[in-house]
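Q: Provided herewith: work.txt, compact mmCIF, C-alpha atoms and all ligand atoms.
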```
# COMPACT_ATOMS: atom_id res chain seq x y z
CA MET A 1 34.79 -11.02 -16.07
CA THR A 2 32.17 -13.71 -15.58
CA ASN A 3 30.65 -11.85 -12.64
CA ARG A 4 29.29 -9.15 -14.89
CA ILE A 5 27.54 -11.62 -17.16
CA PRO A 6 24.16 -12.59 -15.71
CA ILE A 7 23.81 -16.16 -14.43
CA ALA A 8 20.77 -16.31 -16.74
CA SER A 9 22.92 -16.72 -19.84
CA PRO A 10 24.27 -19.79 -21.68
CA VAL A 11 27.90 -18.69 -21.25
CA ARG A 12 27.77 -18.05 -17.49
CA THR A 13 25.67 -21.16 -16.82
CA ALA A 14 28.14 -23.29 -18.82
CA ALA A 15 31.03 -21.74 -16.86
CA ILE A 16 29.34 -22.58 -13.54
CA VAL A 17 28.54 -26.11 -14.66
CA ASN A 18 32.20 -26.67 -15.66
CA ARG A 19 33.66 -25.01 -12.59
CA TYR A 20 31.66 -27.03 -10.05
CA PHE A 21 31.16 -30.21 -12.11
CA VAL A 22 27.42 -29.89 -11.56
CA HIS A 23 24.89 -31.52 -13.81
CA ALA A 24 21.18 -30.74 -13.93
CA LYS A 25 19.34 -33.38 -11.91
CA LYS A 26 16.28 -34.64 -13.77
CA ASN A 27 14.71 -36.15 -10.64
CA LEU A 28 14.70 -32.66 -9.02
CA GLY A 29 13.12 -31.04 -12.09
CA GLN A 30 16.24 -28.99 -12.78
CA ASN A 31 15.96 -26.96 -15.97
CA PHE A 32 18.02 -23.81 -15.49
CA LEU A 33 16.93 -20.58 -17.15
CA VAL A 34 19.64 -19.21 -19.44
CA ASP A 35 17.56 -16.45 -21.07
CA LEU A 36 17.80 -13.05 -19.41
CA ASP A 37 14.71 -11.74 -21.23
CA ALA A 38 12.60 -14.62 -19.89
CA VAL A 39 13.94 -14.15 -16.35
CA GLN A 40 13.35 -10.43 -16.42
CA GLY A 41 9.88 -11.14 -17.81
CA ILE A 42 9.15 -13.20 -14.68
CA VAL A 43 10.50 -10.44 -12.40
CA ARG A 44 8.34 -7.86 -14.22
CA ALA A 45 5.25 -10.10 -14.08
CA ALA A 46 5.79 -10.39 -10.32
CA GLY A 47 6.05 -6.59 -10.09
CA ILE A 48 9.14 -6.79 -7.84
CA GLU A 49 9.99 -3.44 -6.29
CA PRO A 50 12.76 -2.40 -3.91
CA GLY A 51 12.01 -3.68 -0.42
CA ASP A 52 9.72 -6.52 -1.54
CA GLN A 53 9.97 -9.72 0.50
CA VAL A 54 10.23 -12.56 -1.97
CA VAL A 55 9.94 -16.30 -1.33
CA GLU A 56 11.57 -18.29 -4.13
CA VAL A 57 11.15 -22.02 -4.67
CA GLY A 58 14.21 -23.75 -6.11
CA PRO A 59 16.88 -21.11 -6.82
CA GLY A 60 19.04 -23.65 -8.70
CA ILE A 61 22.30 -21.91 -9.61
CA GLY A 62 20.67 -18.52 -9.06
CA SER A 63 19.58 -17.20 -12.46
CA LEU A 64 16.20 -15.93 -11.25
CA THR A 65 17.46 -15.17 -7.72
CA GLU A 66 20.09 -12.80 -9.08
CA GLN A 67 17.52 -10.75 -11.03
CA LEU A 68 15.10 -10.72 -8.08
CA LEU A 69 17.91 -9.27 -5.95
CA LEU A 70 18.91 -6.74 -8.60
CA ALA A 71 15.27 -5.58 -8.84
CA GLY A 72 15.46 -4.76 -5.13
CA GLY A 73 13.90 -7.87 -3.63
CA LYS A 74 14.92 -9.47 -0.34
CA VAL A 75 14.86 -13.17 -1.15
CA ALA A 76 14.35 -16.29 0.95
CA ALA A 77 14.72 -19.42 -1.18
CA TYR A 78 13.86 -23.09 -0.55
CA GLU A 79 16.18 -25.65 -2.13
CA VAL A 80 16.91 -29.35 -1.66
CA ASP A 81 20.02 -29.94 -3.81
CA GLN A 82 22.98 -30.05 -1.41
CA SER A 83 25.46 -29.15 -4.18
CA LEU A 84 23.91 -25.68 -4.61
CA PRO A 85 24.65 -23.69 -1.40
CA GLU A 86 28.34 -23.36 -2.29
CA ILE A 87 27.55 -22.29 -5.85
CA LEU A 88 24.95 -19.72 -4.77
CA ALA A 89 27.29 -18.28 -2.13
CA ASN A 90 30.08 -17.89 -4.70
CA GLU A 91 28.13 -16.88 -7.79
CA LEU A 92 25.45 -14.48 -6.53
CA PRO A 93 26.75 -10.91 -6.23
CA GLU A 94 28.68 -10.30 -2.98
CA LYS A 95 27.00 -6.93 -2.53
CA VAL A 96 23.49 -5.99 -3.59
CA GLY A 97 22.41 -2.36 -3.47
CA GLY A 98 25.26 -1.63 -1.03
CA GLN A 99 24.27 -4.46 1.32
CA ASP A 100 26.06 -7.75 1.97
CA LEU A 101 24.44 -10.73 0.27
CA ASP A 102 23.43 -12.35 3.57
CA GLN A 103 21.30 -9.32 4.46
CA ARG A 104 19.37 -9.74 1.21
CA PHE A 105 19.39 -13.50 0.63
CA LYS A 106 18.61 -16.47 2.85
CA LEU A 107 18.87 -20.03 1.61
CA ILE A 108 16.58 -22.52 3.34
CA MET A 109 17.74 -26.07 2.63
CA LYS A 110 14.38 -27.76 2.96
CA ASP A 111 11.73 -29.43 0.82
CA VAL A 112 9.26 -26.61 0.14
CA LEU A 113 6.41 -29.09 0.61
CA LYS A 114 7.53 -29.38 4.24
CA ALA A 115 7.96 -25.63 4.75
CA ASP A 116 6.85 -24.06 7.99
CA PHE A 117 6.84 -20.51 6.66
CA ALA A 118 6.27 -18.72 9.97
CA THR A 119 9.30 -20.41 11.57
CA ASP A 120 11.53 -20.58 8.48
CA LEU A 121 11.14 -16.91 7.58
CA ALA A 122 11.00 -15.39 11.07
CA GLY A 123 13.91 -13.09 11.79
CA PHE A 124 14.65 -12.56 8.08
CA PHE A 125 11.29 -11.20 6.94
CA ASP A 126 8.90 -8.87 8.71
CA LEU A 127 5.95 -11.25 8.65
CA SER A 128 3.46 -8.52 9.54
CA ASN A 129 3.90 -7.56 5.86
CA PRO A 130 2.94 -9.86 2.98
CA VAL A 131 5.43 -11.60 0.69
CA LYS A 132 5.52 -12.31 -3.04
CA VAL A 133 6.21 -15.86 -4.14
CA VAL A 134 8.23 -16.20 -7.36
CA ALA A 135 9.55 -19.42 -8.87
CA ASN A 136 10.59 -21.40 -11.87
CA LEU A 137 8.98 -24.46 -10.32
CA PRO A 138 10.30 -28.00 -10.28
CA TYR A 139 7.62 -29.30 -12.67
CA TYR A 140 7.29 -32.75 -11.07
CA ILE A 141 5.59 -31.15 -8.04
CA THR A 142 3.82 -28.13 -9.59
CA THR A 143 0.33 -29.00 -8.35
CA PRO A 144 1.26 -29.98 -4.75
CA ILE A 145 3.33 -26.79 -4.43
CA ILE A 146 0.38 -24.64 -5.54
CA PHE A 147 -2.03 -26.41 -3.17
CA ASN A 148 0.47 -26.21 -0.30
CA LEU A 149 0.92 -22.47 -0.80
CA LEU A 150 -2.84 -21.91 -1.01
CA GLU A 151 -3.45 -23.90 2.15
CA SER A 152 -0.51 -22.38 4.06
CA SER A 153 -0.69 -19.54 6.52
CA LEU A 154 1.70 -17.52 4.35
CA ASP A 155 0.35 -14.02 3.71
CA PHE A 156 1.17 -13.34 0.04
CA THR A 157 0.10 -10.68 -2.45
CA SER A 158 0.84 -12.86 -5.48
CA LEU A 159 2.31 -16.14 -6.70
CA THR A 160 4.26 -15.76 -9.95
CA LEU A 161 5.08 -19.24 -11.11
CA MET A 162 6.70 -20.78 -14.15
CA MET A 163 5.18 -24.18 -14.86
CA GLN A 164 4.32 -26.57 -17.69
CA LYS A 165 2.07 -24.73 -20.15
CA GLU A 166 -0.44 -27.57 -19.88
CA VAL A 167 -0.90 -26.97 -16.14
CA ALA A 168 -1.06 -23.20 -16.69
CA GLU A 169 -3.91 -23.78 -19.14
CA ARG A 170 -5.72 -25.96 -16.64
CA LEU A 171 -5.42 -23.26 -13.97
CA ALA A 172 -6.92 -20.61 -16.25
CA ALA A 173 -9.54 -22.81 -17.99
CA GLN A 174 -13.17 -21.74 -18.19
CA PRO A 175 -16.31 -23.95 -18.26
CA GLY A 176 -16.77 -25.73 -21.58
CA SER A 177 -13.06 -26.11 -22.27
CA LYS A 178 -11.29 -29.48 -22.24
CA ASP A 179 -8.80 -28.15 -19.66
CA TYR A 180 -11.49 -27.12 -17.16
CA GLY A 181 -11.52 -29.38 -14.12
CA PRO A 182 -10.85 -29.77 -10.38
CA LEU A 183 -7.58 -27.78 -10.50
CA SER A 184 -9.19 -24.81 -12.32
CA ILE A 185 -12.08 -24.80 -9.88
CA ALA A 186 -10.05 -25.20 -6.66
CA VAL A 187 -7.75 -22.33 -7.66
CA GLN A 188 -10.32 -19.98 -9.21
CA THR A 189 -12.50 -20.01 -6.08
CA GLN A 190 -9.61 -18.26 -4.29
CA MET A 191 -7.40 -16.61 -6.88
CA SER A 192 -7.49 -14.68 -10.11
CA VAL A 193 -5.33 -16.39 -12.73
CA ASP A 194 -3.36 -14.47 -15.37
CA LEU A 195 -1.19 -16.07 -18.00
CA ALA A 196 1.72 -13.62 -18.09
CA LEU A 197 4.11 -15.11 -20.65
CA GLU A 198 5.08 -18.23 -22.52
CA VAL A 199 8.68 -19.38 -22.53
CA GLY A 200 10.21 -21.56 -25.26
CA HIS A 201 12.44 -24.62 -24.79
CA ALA A 202 15.56 -22.72 -25.86
CA SER A 203 15.42 -20.53 -22.74
CA PHE A 204 16.48 -23.48 -20.54
CA MET A 205 19.50 -25.66 -19.98
CA PRO A 206 18.84 -28.56 -20.36
CA GLN A 207 15.77 -27.96 -22.51
CA PRO A 208 12.56 -29.40 -21.05
CA LYS A 209 10.38 -31.65 -23.20
CA VAL A 210 7.24 -29.65 -22.38
CA ASP A 211 6.27 -26.04 -23.14
CA SER A 212 6.38 -23.56 -20.27
CA ALA A 213 4.31 -20.58 -19.15
CA VAL A 214 4.36 -18.07 -16.33
CA VAL A 215 1.15 -17.62 -14.37
CA VAL A 216 0.37 -14.90 -11.86
CA LEU A 217 -2.11 -15.94 -9.15
CA THR A 218 -3.57 -13.13 -7.04
CA PRO A 219 -5.89 -13.68 -4.06
CA LEU A 220 -9.48 -12.63 -4.80
CA GLU A 221 -10.77 -9.81 -2.64
CA LYS A 222 -13.79 -12.00 -1.92
CA PRO A 223 -12.93 -15.68 -2.22
CA ALA A 224 -15.93 -17.88 -3.01
CA ASP A 225 -17.62 -19.28 0.09
CA VAL A 226 -17.27 -23.01 -0.56
CA GLY A 227 -17.89 -24.15 3.01
CA ASP A 228 -15.50 -26.91 4.07
CA ARG A 229 -12.81 -26.57 1.38
CA LYS A 230 -11.54 -30.15 1.63
CA GLN A 231 -15.07 -31.47 1.22
CA PHE A 232 -15.70 -29.08 -1.68
CA ASN A 233 -12.54 -30.20 -3.50
CA ARG A 234 -13.53 -33.83 -2.95
CA VAL A 235 -17.02 -33.29 -4.38
CA VAL A 236 -15.58 -31.53 -7.44
CA LYS A 237 -13.02 -34.31 -7.99
CA LEU A 238 -15.73 -36.96 -7.85
CA CYS A 239 -17.95 -34.97 -10.21
CA PHE A 240 -15.07 -35.10 -12.72
CA ALA A 241 -14.12 -38.74 -12.01
CA GLN A 242 -15.30 -39.64 -15.51
CA ARG A 243 -15.28 -36.52 -17.67
CA ARG A 244 -17.09 -38.19 -20.58
CA LYS A 245 -20.00 -39.31 -18.42
CA THR A 246 -22.98 -37.26 -17.32
CA LEU A 247 -23.22 -35.39 -14.06
CA ALA A 248 -25.91 -37.83 -12.81
CA ASN A 249 -23.56 -40.72 -13.49
CA ASN A 250 -20.59 -39.15 -11.74
CA LEU A 251 -22.71 -38.32 -8.70
CA LYS A 252 -23.26 -42.05 -8.02
CA THR A 253 -20.22 -42.26 -5.73
CA LEU A 254 -21.41 -39.33 -3.63
CA LEU A 255 -25.09 -40.27 -3.67
CA PRO A 256 -25.57 -44.00 -4.29
CA ASP A 257 -29.36 -43.67 -4.03
CA LYS A 258 -30.97 -42.82 -7.40
CA GLU A 259 -33.83 -40.89 -5.81
CA ASP A 260 -31.38 -38.74 -3.84
CA ARG A 261 -29.50 -37.89 -7.03
CA GLU A 262 -32.65 -37.00 -8.92
CA LYS A 263 -33.95 -34.86 -6.08
CA LEU A 264 -30.66 -33.01 -5.69
CA LEU A 265 -30.42 -32.20 -9.40
CA ALA A 266 -34.10 -31.18 -9.61
CA ASP A 267 -33.80 -28.97 -6.51
CA LEU A 268 -30.76 -27.24 -8.01
CA ASP A 269 -32.39 -27.00 -11.43
CA LEU A 270 -29.48 -28.83 -13.07
CA ASP A 271 -29.82 -31.01 -16.16
CA PRO A 272 -28.65 -34.55 -15.20
CA ARG A 273 -27.41 -35.13 -18.78
CA GLN A 274 -24.87 -32.31 -18.59
CA ARG A 275 -21.19 -33.22 -18.43
CA PRO A 276 -19.20 -31.86 -15.47
CA GLU A 277 -17.11 -29.55 -17.67
CA GLN A 278 -20.29 -27.64 -18.63
CA LEU A 279 -21.01 -26.55 -15.05
CA ALA A 280 -20.03 -23.16 -13.62
CA ILE A 281 -18.03 -22.94 -10.40
CA SER A 282 -21.19 -21.66 -8.66
CA ASP A 283 -22.97 -24.91 -9.65
CA PHE A 284 -20.29 -26.99 -7.93
CA ILE A 285 -20.60 -24.84 -4.83
CA ARG A 286 -24.38 -25.43 -4.80
CA ILE A 287 -23.91 -29.18 -5.31
CA SER A 288 -21.37 -29.38 -2.50
CA GLN A 289 -23.59 -27.38 -0.13
CA ALA A 290 -26.65 -29.49 -0.96
CA ILE A 291 -24.74 -32.73 -0.33
CA ALA A 292 -23.47 -31.36 3.00
CA GLU A 293 -27.10 -30.55 3.93
CA MET A 294 -28.28 -34.05 2.96
CA ASN A 295 -25.55 -35.63 5.07
CA LYS A 296 -26.40 -33.61 8.17
N1 LIG B 301 15.41 -21.08 -10.34
C1 LIG B 301 16.35 -21.82 -11.16
C2 LIG B 301 16.25 -21.35 -12.58
O1 LIG B 301 15.21 -20.76 -12.93
O2 LIG B 301 17.18 -21.59 -13.35
C3 LIG B 301 16.11 -23.34 -11.07
C4 LIG B 301 14.72 -23.81 -11.40
S1 LIG B 301 14.60 -25.56 -11.57
C5 LIG B 301 13.27 -25.67 -12.73
C6 LIG B 301 13.77 -26.10 -10.09
C7 LIG B 301 14.59 -26.02 -8.81
O3 LIG B 301 13.80 -26.51 -7.73
C8 LIG B 301 15.87 -26.84 -8.80
O4 LIG B 301 16.93 -26.07 -8.34
C9 LIG B 301 15.57 -27.99 -7.83
O5 LIG B 301 16.73 -28.50 -7.18
C10 LIG B 301 14.60 -27.33 -6.87
N2 LIG B 301 13.71 -28.28 -6.17
C11 LIG B 301 13.29 -29.50 -6.58
N3 LIG B 301 12.47 -30.05 -5.67
C12 LIG B 301 12.37 -29.17 -4.64
C13 LIG B 301 11.67 -29.17 -3.40
N4 LIG B 301 10.91 -30.21 -3.03
N5 LIG B 301 11.80 -28.09 -2.58
C14 LIG B 301 12.59 -27.04 -2.94
N6 LIG B 301 13.24 -26.97 -4.12
C15 LIG B 301 13.15 -28.02 -4.96
```
Could you quickly redo this structure as structure tokens?
A:
Amino acid sequence: MTNRIPIASPVRTAAIVNRYFVHAKKNLGQNFLVDLDAVQGIVRAAGIEPGDQVVEVGPGIGSLTEQLLLAGGKVAAYEVDQSLPEILANELPEKVGGQDLDQRFKLIMKDVLKADFATDLAGFFDLSNPVKVVANLPYYITTPIIFNLLESSLDFTSLTLMMQKEVAERLAAQPGSKDYGPLSIAVQTQMSVDLALEVGHASFMPQPKVDSAVVVLTPLEKPADVGDRKQFNRVVKLCFAQRRKTLANNLKTLLPDKEDREKLLADLDLDPRQRPEQLAISDFIRISQAIAEMNK
């Protein structure tokens, strides 16, 4: 009977928890989705179609995985909790679209931050085609996971990620807003950011203390030319080191010499009294390029 009830439901999740004596591990950011509407909302936001190659981070007991498979996805999932392989093998459907589960699902027991996508996925995915990344993220490592994916060699068409609403707002923030900062800038130079849906506490077991939102990140056709990306991110971080202070003040770490700072800001036609959150992404690119020139 239970097999016909989706894993993304309070009754099936409770049955799994009782059957395997599992408990959600706080230190691994485990908050299982028990709301089918929310899970299907994520699958829709990701635009999963039959034949899609999907990389999932943290399948947990399989609530999102199951719906990704039922939508036609072929899923490779990274997980670290050693109690989960047995549960996933038993609780995910044995057959999906007429195929055995192991033809459609591969579990990679590895910290996703240490993923070597080309090696891990070879043989299961056709890596000459792009993948879609879909996850209800472990919130304690949301930002490193996003940066790792952006810096990886993985060819993806989109990242559809559930995260804390606060981080989602930072990703999407525009100049002038209190959420605008290094994370918004680093991501928006490469990706378009769409807030797809918000998900309430009651959709999870156990319920998280923070609000959640699903964000779809899609690579820009023309990413901004920021030069050396590491250097650019460093410059932006230092410009925001003290949000309340002026740009001229924050630039002191990068350019200790007062004359250098004044010249740079005058050359770029920037008001030294502005606060970093008032600057457009293009201004940070110009600042970073000018500093690189001065250091040549
Ligand atoms: N996808 C499931 C769901 O929606 O119900 C579980 C999501 S839960 C928020 C996050 C999952 O990520 C957990 O299963 C956790 O064990 C896993 N996880 C935590 N740290 C991880 C890491 N470094 N690499 C891979 N998975 C990780």
Q: Excluding same-chain residues fewer than 5 positions from range 271-276 of chain A, what lies within 8 Å of it counting all atoms listed in the file, as an MDAnalysis selection string?
A: chainID A and resid 239:240 243:248 262 265:266
Q: If you count all atoms listed in the file, which residues fall within 8 Å of Thr160 in chain A, apart from same-chain ones fewer than 6 positions away, as a list in words?
A: Ile42, Ala45, Ala46, Lys132, Val133, Val134, Ala135, Val214, Val215, Val216 and Leu217 of chain A
Q: Every residue with an atom at most 12 Å from (-20.8, -22.0, -9.0) (file coordinates; only C-alpha atoms) is what I'm after, so could you write them as a ChimeraX atom specification?
A: /A:174-175,185-186,188-189,224-226,232,236,268,270,276,278-289
Q: Would you output that residue set with C-alpha atoms, as a compact mmCIF listing (two decimals), in the frame of the given file?
A:
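Final file, selection03.txt:
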```txt
# COMPACT_ATOMS: atom_id res chain seq x y z
CA GLN A 174 -13.17 -21.74 -18.19
CA PRO A 175 -16.31 -23.95 -18.26
CA ILE A 185 -12.08 -24.80 -9.88
CA ALA A 186 -10.05 -25.20 -6.66
CA GLN A 188 -10.32 -19.98 -9.21
CA THR A 189 -12.50 -20.01 -6.08
CA ALA A 224 -15.93 -17.88 -3.01
CA ASP A 225 -17.62 -19.28 0.09
CA VAL A 226 -17.27 -23.01 -0.56
CA PHE A 232 -15.70 -29.08 -1.68
CA VAL A 236 -15.58 -31.53 -7.44
CA LEU A 268 -30.76 -27.24 -8.01
CA LEU A 270 -29.48 -28.83 -13.07
CA PRO A 276 -19.20 -31.86 -15.47
CA GLN A 278 -20.29 -27.64 -18.63
CA LEU A 279 -21.01 -26.55 -15.05
CA ALA A 280 -20.03 -23.16 -13.62
CA ILE A 281 -18.03 -22.94 -10.40
CA SER A 282 -21.19 -21.66 -8.66
CA ASP A 283 -22.97 -24.91 -9.65
CA PHE A 284 -20.29 -26.99 -7.93
CA ILE A 285 -20.60 -24.84 -4.83
CA ARG A 286 -24.38 -25.43 -4.80
CA ILE A 287 -23.91 -29.18 -5.31
CA SER A 288 -21.37 -29.38 -2.50
CA GLN A 289 -23.59 -27.38 -0.13
```
Q: For ligand LIG 301 (chain B), list the contacting residues at 9 Å or closer, counting all atoms listed in the file, as a ChimeraX atom specification.
A: /A:7-8,24-34,39,56-65,77-82,84,108-115,135-141,145,162-163,204-205
Q: Go through A:Glu94, A:Val55, A:Gly73, A:Phe117 and flag the residue nearest Arg4 in chain A, using all atoms listed in the file for the distances.
A: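 Closest residue, counting all atoms listed in the file: A:Glu94.
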Q: Just give me the gap between CA of Ser184 in chain A and CA of Asp37 in chain A in Å, one decimal is fine.
A: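 Taking CA of Ser184 in chain A and CA of Asp37 in chain A, their separation equals 28.7 Å.
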Q: Would you please work out which residue, of A:Lys222, A:Lys95, A:Lys74, A:Lys165, is nearest to Asp126 in chain A when using all atoms listed in the file?
A: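 Checking each of A:Lys222, A:Lys95, A:Lys74, A:Lys165 against Asp126 in chain A, counting all atoms listed in the file, the winner is A:Lys74.
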Q: Calculate how many Å separate CA of Lys230 in chain A from CA of Pro182 in chain A, rounding to one decimal.
A: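 These atoms are spaced 12.0 Å apart.
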Q: Restricting the calculation to all atoms listed in the file, which member of A:Gln164, A:Ser192, A:Gln53, A:Thr253 is positioned closest to Glu221 in chain A?
A: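 Smallest separation from Glu221 in chain A among the options: A:Ser192.
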Q: Calculate how many Å separate CA of Leu150 in chain A from CA of Gly51 in chain A, rounding to one decimal.
A: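 Between CA of Leu150 in chain A and CA of Gly51 in chain A the gap is 23.5 Å.
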Q: Determine the nearest neighbour of Asp211 in chain A from the options A:Leu70, A:Val167, A:Leu238, A:Ala173, counting all atoms listed in the file.
A: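 Closest to Asp211 in chain A, using all atoms listed in the file: A:Val167.
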Q: My list of candidates is A:Ala213, A:Thr119, A:Ala14, A:Thr218. Which is closest to Thr157 in chain A when distances are computed with only C-alpha atoms?
A: A:Thr218
Q: Of the candidates A:Asp267, A:Ser83, A:Asp260, A:Leu107, which one gets nearest to His23 in chain A if we count all atoms listed in the file?
A: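 Result for the nearest residue to His23 in chain A: A:Ser83.
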